[in-house]
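Content type compact mmCIF, C-alpha atoms, from the file structure.txt:
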```txt
# COMPACT_ATOMS: atom_id res chain seq x y z
CA MET T 1 0.00 0.00 0.00
CA LYS T 2 1.34 3.42 -0.89
CA LYS T 3 2.00 5.57 2.15
CA SER T 4 0.26 8.90 2.31
CA PRO T 5 2.72 11.78 1.90
CA LEU T 6 3.27 14.29 4.67
CA PRO T 7 2.76 18.00 4.03
CA GLY T 8 5.77 19.78 2.61
CA PRO T 9 8.69 18.64 0.47
CA SER T 10 10.30 15.34 1.37
CA PHE T 11 13.05 13.05 0.24
CA PRO T 12 12.18 10.06 -1.96
CA ASP T 13 10.65 7.02 -0.32
CA GLN T 14 12.98 4.03 -0.43
CA ASP T 15 10.05 1.62 -0.11
CA ASP T 16 8.07 2.99 -3.04
CA ALA T 17 9.08 0.83 -6.01
CA GLN T 18 6.04 1.45 -8.19
CA LYS T 19 8.00 3.73 -10.51
CA PRO T 20 11.69 4.45 -11.06
CA ARG T 21 13.07 7.13 -8.81
CA PRO T 22 16.51 8.67 -8.51
CA SER T 23 18.79 7.49 -5.74
CA ARG T 24 18.81 9.50 -2.55
CA PHE T 25 22.28 10.76 -3.43
CA ALA T 26 21.09 12.01 -6.83
CA TRP T 27 17.95 13.43 -5.25
CA TYR T 28 19.98 15.28 -2.63
CA TRP T 29 22.32 16.86 -5.18
CA GLY T 30 19.57 17.58 -7.68
CA GLN T 31 17.87 20.34 -5.73
CA ARG T 32 18.31 23.13 -3.20
CA MET T 33 17.20 22.05 0.25
CA ASP T 34 13.83 23.47 1.27
CA ALA T 35 12.99 25.27 4.52
CA PHE T 36 11.26 22.26 6.10
CA ASN T 37 14.26 19.95 5.79
CA SER T 38 16.71 22.75 6.63
CA ALA T 39 14.93 23.31 9.95
CA ILE T 40 15.15 19.59 10.74
CA PHE T 41 18.87 19.41 9.94
CA VAL T 42 19.99 22.54 11.84
CA PHE T 43 18.10 21.70 15.06
CA PRO T 44 20.99 19.55 16.42
CA LEU T 45 23.25 22.62 16.29
CA PHE T 46 20.61 24.66 18.10
CA LEU T 47 20.46 21.99 20.80
CA ILE T 48 24.25 21.72 21.14
CA TYR T 49 24.51 25.49 21.47
CA GLN T 50 21.71 25.78 24.03
CA ILE T 51 23.06 22.99 26.22
CA GLY T 52 26.57 24.43 25.93
CA ILE T 53 25.77 27.97 27.02
CA LEU T 54 23.52 26.72 29.83
CA ALA T 55 26.27 24.43 31.12
CA ARG T 56 28.77 27.32 31.00
CA GLY T 57 26.57 29.94 32.59
CA GLY T 58 26.18 31.90 29.37
CA ARG T 59 29.81 31.73 28.29
CA GLY T 60 30.18 31.35 24.54
CA GLN T 61 26.91 33.05 23.66
CA ASN T 62 27.02 34.43 20.14
CA GLY T 63 26.92 38.19 19.71
CA VAL T 64 23.97 38.08 17.31
CA ASP T 65 22.01 35.46 19.23
CA TYR T 66 18.65 37.15 19.63
CA ILE T 67 16.74 33.86 19.73
CA THR T 68 18.01 32.75 23.13
CA HIS T 69 17.34 36.18 24.63
CA SER T 70 13.79 36.10 23.28
CA LEU T 71 13.20 32.58 24.60
CA ILE T 72 14.46 33.56 28.05
CA GLU T 73 12.12 36.55 28.09
CA LEU T 74 9.28 34.30 26.91
CA CYS T 75 9.98 32.00 29.86
CA GLU T 76 10.02 35.04 32.19
CA GLN T 77 13.72 34.45 32.97
CA ASN T 78 12.88 31.26 34.83
CA LEU T 79 15.54 28.59 34.30
CA HIS T 80 13.20 25.70 35.12
CA THR T 81 10.61 26.95 32.62
CA TYR T 82 13.32 27.41 30.03
CA LEU T 83 14.60 23.85 30.52
CA VAL T 84 11.06 22.49 30.25
CA PHE T 85 10.59 24.48 27.05
CA LEU T 86 13.83 23.10 25.55
CA GLY T 87 12.83 19.59 26.64
CA GLY T 88 9.49 20.01 24.91
CA MET T 89 11.24 21.14 21.73
CA LEU T 90 13.53 18.10 21.86
CA LEU T 91 10.64 15.69 22.38
CA SER T 92 8.71 17.30 19.53
CA TYR T 93 11.77 17.00 17.30
CA VAL T 94 12.23 13.30 18.13
CA ALA T 95 8.51 12.67 17.60
CA LEU T 96 8.67 14.35 14.19
CA LEU T 97 11.63 12.18 13.16
CA VAL T 98 9.76 9.06 14.27
CA VAL T 99 6.65 10.05 12.31
CA LEU T 100 8.72 10.81 9.21
CA ARG T 101 10.54 7.51 9.57
CA GLN T 102 7.31 5.54 9.87
CA ALA T 103 5.97 7.33 6.82
CA GLY T 104 9.06 6.25 4.86
CA HIS T 105 10.74 9.65 4.81
CA SER T 106 13.99 8.96 6.67
CA ARG T 107 16.43 11.86 7.04
CA ALA T 108 19.46 9.78 8.04
CA GLN T 109 21.10 9.46 4.63
CA PRO T 110 20.39 13.05 3.49
CA PHE T 111 21.82 14.31 6.78
CA LEU T 112 24.98 12.29 6.16
CA PHE T 113 25.22 13.76 2.65
CA LEU T 114 24.77 17.23 4.14
CA LEU T 115 27.63 16.70 6.60
CA ILE T 116 29.92 15.41 3.85
CA GLU T 117 29.08 18.31 1.56
CA SER T 118 29.42 20.93 4.30
CA SER T 119 32.72 19.42 5.49
CA PHE T 120 34.12 19.69 1.99
CA TYR T 121 33.08 23.34 1.74
CA ALA T 122 34.44 24.11 5.22
CA LEU T 123 37.85 22.58 4.53
CA THR T 124 38.28 24.20 1.12
CA MET T 125 36.78 27.65 1.79
CA GLY T 126 39.55 29.06 3.95
CA SER T 127 42.26 27.67 1.70
CA LEU T 128 40.71 29.23 -1.41
CA ILE T 129 40.27 32.63 0.21
CA LEU T 130 43.77 32.59 1.68
CA PHE T 131 45.21 31.66 -1.71
CA VAL T 132 43.55 34.69 -3.28
CA LEU T 133 44.64 37.08 -0.52
CA GLN T 134 48.20 35.79 -0.43
CA LYS T 135 48.50 36.32 -4.17
CA ILE T 136 47.27 39.90 -3.73
CA SER T 137 48.87 41.03 -0.48
CA ASP T 138 50.75 38.17 1.17
CA PHE T 139 48.08 38.06 3.88
CA GLY T 140 47.92 35.39 6.56
CA PRO T 141 45.21 35.66 9.23
CA HIS T 142 45.81 35.06 12.89
CA LEU T 143 43.29 34.12 15.52
CA SER T 144 42.87 35.92 18.82
CA LEU T 145 41.67 33.10 21.06
CA SER T 146 41.34 32.79 24.78
CA GLU T 147 44.05 30.70 26.38
CA THR T 148 41.38 28.96 28.43
CA MET T 149 39.39 27.79 25.40
CA ASP T 150 38.83 24.04 25.37
CA PRO T 151 37.24 21.71 22.77
CA ALA T 152 33.80 22.13 24.37
CA ASP T 153 34.10 25.92 24.00
CA VAL T 154 35.05 25.48 20.35
CA LEU T 155 31.99 23.32 19.74
CA VAL T 156 29.57 25.72 21.45
CA ILE T 157 31.03 28.85 19.83
CA SER T 158 31.04 27.24 16.39
CA ALA T 159 27.48 25.95 16.71
CA GLY T 160 26.28 29.38 17.80
CA ALA T 161 28.11 31.21 15.04
CA GLY T 162 26.97 28.82 12.34
CA LEU T 163 23.32 29.00 13.37
CA HIS T 164 22.76 32.59 14.47
CA GLU T 165 25.06 34.37 12.04
CA GLU T 166 23.55 32.50 9.11
CA ILE T 167 20.05 33.33 10.33
CA LEU T 168 20.88 37.03 10.55
CA PHE T 169 23.21 37.60 7.60
CA ARG T 170 22.05 35.01 5.08
CA LEU T 171 18.45 34.07 5.84
CA ILE T 172 17.35 37.57 6.88
CA GLY T 173 20.12 39.74 5.44
CA MET T 174 20.61 38.23 2.03
CA GLY T 175 17.15 36.72 1.62
CA GLY T 176 15.29 39.73 3.01
CA LEU T 177 17.40 42.32 1.21
CA GLY T 178 17.07 40.44 -2.07
CA TRP T 179 13.30 40.29 -1.64
CA LEU T 180 13.07 44.02 -0.88
CA LEU T 181 15.25 45.05 -3.82
CA SER T 182 13.77 42.65 -6.39
CA GLY T 183 10.90 45.00 -7.17
CA LEU T 184 13.27 47.94 -7.71
CA THR T 185 16.24 46.47 -9.54
CA GLY T 186 14.99 43.12 -10.86
CA PRO T 187 15.83 39.68 -9.44
CA LYS T 188 19.38 39.35 -10.77
CA ARG T 189 20.64 42.75 -9.63
CA ALA T 190 18.81 42.38 -6.34
CA TRP T 191 20.57 39.06 -5.75
CA ILE T 192 23.99 40.59 -6.42
CA PHE T 193 23.33 43.61 -4.19
CA ALA T 194 22.00 41.36 -1.44
CA LEU T 195 25.00 39.02 -1.66
CA VAL T 196 27.55 41.86 -1.49
CA GLY T 197 25.65 43.89 1.10
CA SER T 198 25.04 40.99 3.50
CA SER T 199 28.68 39.88 3.17
CA LEU T 200 29.99 43.36 4.00
CA LEU T 201 27.67 43.59 7.01
CA PHE T 202 28.76 40.12 8.12
CA SER T 203 32.41 41.17 8.10
CA LEU T 204 31.79 44.57 9.67
CA ALA T 205 29.80 43.04 12.56
CA HIS T 206 32.95 41.31 13.82
CA HIS T 207 34.54 44.74 14.47
CA LEU T 208 31.57 46.35 16.25
CA GLY T 209 30.48 46.36 19.86
CA PRO T 210 32.46 46.04 23.10
CA TYR T 211 33.84 42.62 22.12
CA GLY T 212 34.59 43.47 18.49
CA GLU T 213 38.06 43.04 17.07
CA ASP T 214 40.26 45.97 16.17
CA PHE T 215 39.70 46.83 12.53
CA ARG T 216 42.30 45.39 10.18
CA PHE T 217 41.70 45.77 6.49
CA HIS T 218 42.95 42.31 5.53
CA ALA T 219 40.81 40.65 8.20
CA PHE T 220 37.81 42.64 6.97
CA VAL T 221 38.42 41.51 3.38
CA TYR T 222 38.92 37.92 4.51
CA ARG T 223 35.59 37.80 6.34
CA THR T 224 33.84 39.58 3.48
CA LEU T 225 35.01 36.88 1.09
CA ALA T 226 33.97 34.26 3.64
CA GLY T 227 30.54 35.91 3.74
CA VAL T 228 30.34 35.72 -0.05
CA PHE T 229 31.19 32.03 0.11
CA PHE T 230 28.51 31.33 2.74
CA ALA T 231 26.03 33.37 0.71
CA LEU T 232 26.71 31.30 -2.40
CA VAL T 233 26.25 28.08 -0.42
CA TYR T 234 23.00 29.45 1.00
CA HIS T 235 21.69 30.51 -2.39
CA PHE T 236 22.52 27.35 -4.31
CA ARG T 237 22.39 24.64 -1.63
CA GLY T 238 20.06 25.99 1.04
CA PHE T 239 20.09 27.30 4.58
CA ALA T 240 21.13 24.04 6.28
CA ALA T 241 24.21 23.68 4.07
CA ALA T 242 25.27 27.26 4.87
CA VAL T 243 24.78 26.76 8.62
CA TRP T 244 26.72 23.50 8.78
CA THR T 245 29.47 24.83 6.49
CA HIS T 246 29.91 27.85 8.76
CA ALA T 247 29.87 25.77 11.96
CA LEU T 248 32.29 23.14 10.67
CA TYR T 249 34.60 25.82 9.27
CA ASP T 250 34.75 27.52 12.68
CA ILE T 251 35.40 24.18 14.40
CA TYR T 252 38.25 23.54 11.96
CA VAL T 253 39.83 26.98 12.34
CA LEU T 254 39.38 27.28 16.11
CA SER T 255 40.72 23.77 16.68
CA LEU T 256 43.99 24.35 14.86
CA PRO T 257 45.69 26.34 17.67
CA LEU T 258 44.52 23.75 20.22
CA ALA T 259 45.84 20.91 18.10
CA LEU T 260 49.18 22.73 17.68
CA GLY T 261 49.38 23.43 21.40
CA ARG T 262 49.05 27.20 21.07
```
Could you show the structure in this file as structure tokens?
Amino acid sequence: MKKSPLPGPSFPDQDDAQKPRPSRFAWYWGQRMDAFNSAIFVFPLFLIYQIGILARGGRGQNGVDYITHSLIELCEQNLHTYLVFLGGMLLSYVALLVVLRQAGHSRAQPFLFLLIESSFYALTMGSLILFVLQKISDFGPHLSLSETMDPADVLVISAGAGLHEEILFRLIGMGGLGWLLSGLTGPKRAWIFALVGSSLLFSLAHHLGPYGEDFRFHAFVYRTLAGVFFALVYHFRGFAAAVWTHALYDIYVLSLPLALGR
């Protein structure tokens, strides 16, 4: 008996052999991931980040994390209520995965493909940007990290940056700006303006506020190019790919000094 489809886009059903269908690998690569599946795949990072900052008393909270602040206010700044709320979200997430699995729409293989794809982007992005900058100005970035940073800090900081910075600068910044400008300049020009504008804002944000870095032109250019890269991933591969690429890239970069004993 053919299983009734769930609302929203889904990955192909492995059990449905009534007509030829592409493999899950071909299906995954053949389209940009939709919002429904992106939300499912980025929730683990949200959970890692929330547990991490709670366990560390707020340490490692991302500078553009407005979601956690809003949730705390929603829970009237009550830790017990907040934990219950997070537990309810986790149970709802697990229940959704179970329902999807029973309906034949497993996310295990697509999630694995997403991690492989995002890991490839994360490992190659910095090298490509550095190659360009070194050819132009012999630039080599350095990281200003806390001496007390441990692997758990790296994980929490990277998860927060990947999720919240992509929400603000790609999902809202690039997507929203492109939508606003499309009626004035046309879709193609709006997309270019949104890509460049959101990438510049992404880079500039790292130099603003009480915890912002001192402005260095090469660092600003480096992060602008990184923003362009994330924006291209977001546009062509979807929000989840951009979030995981950003998070894995930060894990890779922040882990290097720890691995080298610096």
Report as JSON lines the residues of stretch 187-233 of chain T within 12 Å of stretch 238-245 of chain T, each with its shortest atom pair and distance in Å (one decimal), using only C-alpha atoms, ordered by chain and increasing residue number.
```
{"residue": "T:Ala226", "atom": "CA", "partner": "T:Thr245", "partner_atom": "CA", "distance": 10.8}
{"residue": "T:Gly227", "atom": "CA", "partner": "T:Ala242", "partner_atom": "CA", "distance": 10.2}
{"residue": "T:Val228", "atom": "CA", "partner": "T:Ala242", "partner_atom": "CA", "distance": 11.0}
{"residue": "T:Phe229", "atom": "CA", "partner": "T:Ala242", "partner_atom": "CA", "distance": 9.0}
{"residue": "T:Phe230", "atom": "CA", "partner": "T:Ala242", "partner_atom": "CA", "distance": 5.6}
{"residue": "T:Ala231", "atom": "CA", "partner": "T:Ala242", "partner_atom": "CA", "distance": 7.4}
{"residue": "T:Leu232", "atom": "CA", "partner": "T:Ala242", "partner_atom": "CA", "distance": 8.4}
{"residue": "T:Val233", "atom": "CA", "partner": "T:Ala242", "partner_atom": "CA", "distance": 5.4}
```
How would the residues just chosen look if you wrote them out with C-alpha atoms as a PDB file, keeping the file's coordinate frame?
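Result file again32.pdb:
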```pdb
ATOM      1  CA  ALA T 226      33.970  34.260   3.640  1.00  0.00           C
ATOM      2  CA  GLY T 227      30.540  35.910   3.740  1.00  0.00           C
ATOM      3  CA  VAL T 228      30.340  35.720  -0.050  1.00  0.00           C
ATOM      4  CA  PHE T 229      31.190  32.030   0.110  1.00  0.00           C
ATOM      5  CA  PHE T 230      28.510  31.330   2.740  1.00  0.00           C
ATOM      6  CA  ALA T 231      26.030  33.370   0.710  1.00  0.00           C
ATOM      7  CA  LEU T 232      26.710  31.300  -2.400  1.00  0.00           C
ATOM      8  CA  VAL T 233      26.250  28.080  -0.420  1.00  0.00           C
TER       9      VAL T 233
END
```
- Query: Counting all atoms listed in the file, what is within 9 Å of T:Gln109, bar same-chain residues fewer than 5 positions away, as a count of residues only?
  - Reply: 3
- Task: Tell me which protein, DNA and RNA residues are within 12 Å of T:Leu181, counting all atoms listed in the file, leaving out same-chain ones fewer than 6 positions away, and put them as JSON, numbers by chain.
- Result: {"T": [173, 174, 175, 187, 188, 189, 190, 191, 192, 193, 194, 195, 197]}
- Go through T:Met125, T:Val221, T:Ile172, T:Leu184 one by one, measure the shortest atom-to-atom distance of each to T:His206 using all atoms listed in the file, and give the residue with the smallest value.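 When distances to T:His206 are compared using all atoms listed in the file, the smallest one comes from T:Val221.
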- Can you tell me, as a PyMOL selection string, what residues are no more than 8 Å from T:Phe46 when counting only C-alpha atoms, ignoring any on the same chain fewer than 5 positions away? chain T and resi 159-160+163
- Message: Using all atoms listed in the file for the distances, tell me which of T:Ser255, T:Asn62, T:Ser158, T:Ser198 is nearest to T:Ile48.
- Response: T:Ser158
- Between T:Phe43, T:Phe217, T:Tyr121, T:Trp27, which has the minimum distance to T:Ser92 (counting only C-alpha atoms)?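 Among T:Phe43, T:Phe217, T:Tyr121, T:Trp27, it is T:Phe43 that comes nearest to T:Ser92.
For the residues T:Leu74, T:Ile157, T:Leu200, T:Leu248, ranking by smallest atom-to-atom distance to T:Gln61 using all atoms listed in the file places T:Ile157 first.
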- Could you work out how far atom CA of T:Ala205 lies from atom CA of T:Glu73, giving the answer in Å with one decimal?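 Taking atom CA of T:Glu73 as the start and atom CA of T:Ala205 as the end point, the length is 24.4 Å.
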- Item | Atomic distance atom CA of T:Ser199 - atom CA of T:Phe169, expressed in Å with one decimal |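 Going from atom CA of T:Ser199 over to atom CA of T:Phe169 covers 7.4 Å.
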- Item | Between atom CA of T:Ser182 and atom CA of T:Gly162 - distance in Å to one decimal |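 One can read the atom CA of T:Gly162 to atom CA of T:Ser182 distance as 26.8 Å.
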